Structures are given as structure tokens and as C-alpha cells.
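Visitor: Submitted below is the structure of interest, expressed as C-alpha cells.
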Amino acid sequence: TTISPPTPFDRVKKYVDKLDFILIMTVNPGFYGQKFLPEILKKIEQTKDWIVTHKPDCLIQVDGGINSRNVVELDRAGVDIVVAGAAVFKSDDYKKAIKDLKCLKV
């Protein structure tokens, strides 16, 4: 399931036992290349805390505005998977961009 920025995690808690992962949008859906919304970090941390005690095998994935400046914060907040579209595809060297993002994971 996908959680957009205005959607509280409480709204999807009842479905987590049926999920393999939760996608948390870190931008408002609809436009490519938006800036990351740092206030979503708190939602990610709260989601991770709840998942750890209720369904530890459920992964947290994020999408939107991911780049080398925020991937470490996302890792610390508990994110398991990042979707880094613009960070990769706006780069002159896709392979290097992917490698750089992977190296930043703590």
C-alpha cells in the first residue's frame, strides 16, 4: 500500500499484516522531480517503530525527491528500500549515481 504525505499511518495499520512492504511517498504524488519533504521522516520513524513490534518482516520503501543529501537520514529513520528516479536519471552517469547512493547507506 502507498501512504501519501497527508495520509496518517494509523489509516493503514489494519492492513499491515497482509503487506510485504509499505511505500511512503516523500513528495506529493503527481509530478516528477519534486523536492523531498523532510517532515515525512517523523512518519517514517513512527511507521518503523510500529512495524518492528507488529510485523517485523514488512519493509518500508520510500519514493520522491531521494538524493545523496537525504538517503542517510532515510536509512537512519528505518527505510529499507529507496526509489531514486531523478537522482539517477538526471545524472550524466547512471551507474555512478546508483553506486554513490548505495555507498551512502549506513
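The chains in the C-alpha cells are called A, B, ... from first to last as shown; in each chain the residues are counted from 1, and the ligands are counted from 1 in the order shown.
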Name the residues in contact with range 77-91 of chain A at a cut-off of 8 Å, using only C-alpha atoms, excluding same-chain residues fewer than 4 positions from it; report them as an MDAnalysis selection string.
Guide: chainID A and resid 32:33 41:42 44:45 48 59:68 71 73 97:98
Visitor: Now that the selection is made, can you save its residues with C-alpha atoms as a tab-separated table (two decimals), in the first residue's frame?
Guide:
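out.tsv, freshly written:
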chain	number	residue	atom	x	y	z
A	32	TYR	CA	8.43	14.06	-11.41
A	33	GLY	CA	11.48	15.64	-9.78
A	41	LEU	CA	10.97	11.49	8.35
A	42	LYS	CA	8.86	11.54	11.53
A	44	ILE	CA	8.76	7.00	8.64
A	45	GLU	CA	10.17	6.65	12.16
A	48	LYS	CA	9.08	1.70	11.54
A	59	LEU	CA	9.61	-3.44	4.60
A	60	ILE	CA	9.44	0.34	4.29
A	61	GLN	CA	10.03	1.76	0.84
A	62	VAL	CA	10.14	5.49	0.02
A	63	ASP	CA	9.73	7.36	-3.24
A	64	GLY	CA	10.11	11.02	-4.10
A	65	GLY	CA	12.95	13.50	-4.00
A	66	ILE	CA	15.53	10.91	-2.95
A	67	ASN	CA	19.13	12.01	-3.41
A	68	SER	CA	22.59	11.81	-1.86
A	71	VAL	CA	19.44	8.98	1.77
A	73	GLU	CA	18.62	10.35	7.02
A	97	ALA	CA	24.74	7.73	-9.30
A	98	ILE	CA	23.45	4.33	-8.16
Visitor: Extract, using only C-alpha atoms, all DNA, RNA and protein residues at most 12 Å from Lys13 in chain A, discarding same-chain residues fewer than 4 positions from it, and format them as a PyMOL selection string.
Guide: chain A and resi 1-3+7-9+17-19+22+46-48+50-51+54-55+58
Visitor: With C-alpha atoms retained, export the selected residues as a PDB file, in the first residue's frame.
Guide:
ATOM      1  CA  THR A   1       0.000   0.000   0.000  1.00  0.00           C
ATOM      2  CA  THR A   2       1.067   3.588  -0.539  1.00  0.00           C
ATOM      3  CA  ILE A   3       0.924   6.358   2.033  1.00  0.00           C
ATOM      4  CA  THR A   7      -2.239  10.285   4.971  1.00  0.00           C
ATOM      5  CA  PRO A   8      -1.581   9.235   8.580  1.00  0.00           C
ATOM      6  CA  PHE A   9      -0.049   5.791   9.141  1.00  0.00           C
ATOM      7  CA  ASP A  17      -0.466  -7.924   8.363  1.00  0.00           C
ATOM      8  CA  LYS A  18      -1.341  -8.517   4.673  1.00  0.00           C
ATOM      9  CA  LEU A  19       1.581  -6.499   3.260  1.00  0.00           C
ATOM     10  CA  ILE A  22       4.641  -0.096   2.651  1.00  0.00           C
ATOM     11  CA  GLN A  46       6.698   6.150  13.666  1.00  0.00           C
ATOM     12  CA  THR A  47       5.828   3.604  10.989  1.00  0.00           C
ATOM     13  CA  LYS A  48       9.082   1.700  11.544  1.00  0.00           C
ATOM     14  CA  TRP A  50       5.089   0.167  14.896  1.00  0.00           C
ATOM     15  CA  ILE A  51       6.160  -2.357  12.255  1.00  0.00           C
ATOM     16  CA  HIS A  54       3.738  -5.870  14.901  1.00  0.00           C
ATOM     17  CA  LYS A  55       5.104  -7.182  11.572  1.00  0.00           C
ATOM     18  CA  CYS A  58       7.210  -5.766   6.425  1.00  0.00           C
TER      19      CYS A  58
END
Visitor: Which parts of chain A does DSSP call helix (DSSP H, G or I) when run on the backbone here, written out as number ranges by chain?
Guide: A: 9-11, 13-18, 40-54, 71-77, 85-89, 94-104
Visitor: Go ahead and write the residues just picked, C-alpha atoms, as a PDB file, in the first residue's frame.
Guide:
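part26.pdb, freshly written:
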ATOM      1  CA  PHE A   9      -0.049   5.791   9.141  1.00  0.00           C
ATOM      2  CA  ASP A  10      -2.943   4.969  11.504  1.00  0.00           C
ATOM      3  CA  ARG A  11      -5.208   4.776   8.460  1.00  0.00           C
ATOM      4  CA  LYS A  13      -2.278  -0.084  10.261  1.00  0.00           C
ATOM      5  CA  LYS A  14      -5.098  -2.608   9.942  1.00  0.00           C
ATOM      6  CA  TYR A  15      -3.746  -3.776   6.557  1.00  0.00           C
ATOM      7  CA  VAL A  16      -0.081  -4.228   7.504  1.00  0.00           C
ATOM      8  CA  ASP A  17      -0.466  -7.924   8.363  1.00  0.00           C
ATOM      9  CA  LYS A  18      -1.341  -8.517   4.673  1.00  0.00           C
ATOM     10  CA  ILE A  40       7.956  12.836   6.386  1.00  0.00           C
ATOM     11  CA  LEU A  41      10.965  11.494   8.349  1.00  0.00           C
ATOM     12  CA  LYS A  42       8.863  11.543  11.535  1.00  0.00           C
ATOM     13  CA  LYS A  43       6.124   9.490   9.822  1.00  0.00           C
ATOM     14  CA  ILE A  44       8.758   7.002   8.639  1.00  0.00           C
ATOM     15  CA  GLU A  45      10.174   6.648  12.162  1.00  0.00           C
ATOM     16  CA  GLN A  46       6.698   6.150  13.666  1.00  0.00           C
ATOM     17  CA  THR A  47       5.828   3.604  10.989  1.00  0.00           C
ATOM     18  CA  LYS A  48       9.082   1.700  11.544  1.00  0.00           C
ATOM     19  CA  ASP A  49       8.558   1.646  15.326  1.00  0.00           C
ATOM     20  CA  TRP A  50       5.089   0.167  14.896  1.00  0.00           C
ATOM     21  CA  ILE A  51       6.160  -2.357  12.255  1.00  0.00           C
ATOM     22  CA  VAL A  52       9.089  -3.625  14.342  1.00  0.00           C
ATOM     23  CA  THR A  53       6.696  -4.788  17.060  1.00  0.00           C
ATOM     24  CA  HIS A  54       3.738  -5.870  14.901  1.00  0.00           C
ATOM     25  CA  VAL A  71      19.438   8.981   1.770  1.00  0.00           C
ATOM     26  CA  VAL A  72      21.458   8.735   5.023  1.00  0.00           C
ATOM     27  CA  GLU A  73      18.624  10.352   7.015  1.00  0.00           C
ATOM     28  CA  LEU A  74      16.167   7.944   5.420  1.00  0.00           C
ATOM     29  CA  ASP A  75      18.363   4.993   6.330  1.00  0.00           C
ATOM     30  CA  ARG A  76      18.557   6.175   9.946  1.00  0.00           C
ATOM     31  CA  ALA A  77      14.774   6.623  10.039  1.00  0.00           C
ATOM     32  CA  GLY A  85      14.343   8.226 -10.032  1.00  0.00           C
ATOM     33  CA  ALA A  86      15.547  11.786 -10.640  1.00  0.00           C
ATOM     34  CA  ALA A  87      18.764  11.251  -8.646  1.00  0.00           C
ATOM     35  CA  VAL A  88      19.697   8.546 -11.133  1.00  0.00           C
ATOM     36  CA  PHE A  89      18.074   9.576 -14.413  1.00  0.00           C
ATOM     37  CA  TYR A  94      23.577   6.307 -14.075  1.00  0.00           C
ATOM     38  CA  LYS A  95      25.917   3.637 -12.754  1.00  0.00           C
ATOM     39  CA  LYS A  96      27.912   6.137 -10.700  1.00  0.00           C
ATOM     40  CA  ALA A  97      24.744   7.726  -9.302  1.00  0.00           C
ATOM     41  CA  ILE A  98      23.450   4.329  -8.161  1.00  0.00           C
ATOM     42  CA  LYS A  99      26.828   3.366  -6.708  1.00  0.00           C
ATOM     43  CA  ASP A 100      27.072   6.684  -4.838  1.00  0.00           C
ATOM     44  CA  LEU A 101      23.604   6.241  -3.309  1.00  0.00           C
ATOM     45  CA  LYS A 102      24.413   2.680  -2.223  1.00  0.00           C
ATOM     46  CA  CYS A 103      27.671   3.827  -0.615  1.00  0.00           C
ATOM     47  CA  LEU A 104      25.787   6.377   1.493  1.00  0.00           C
TER      48      LEU A 104
END
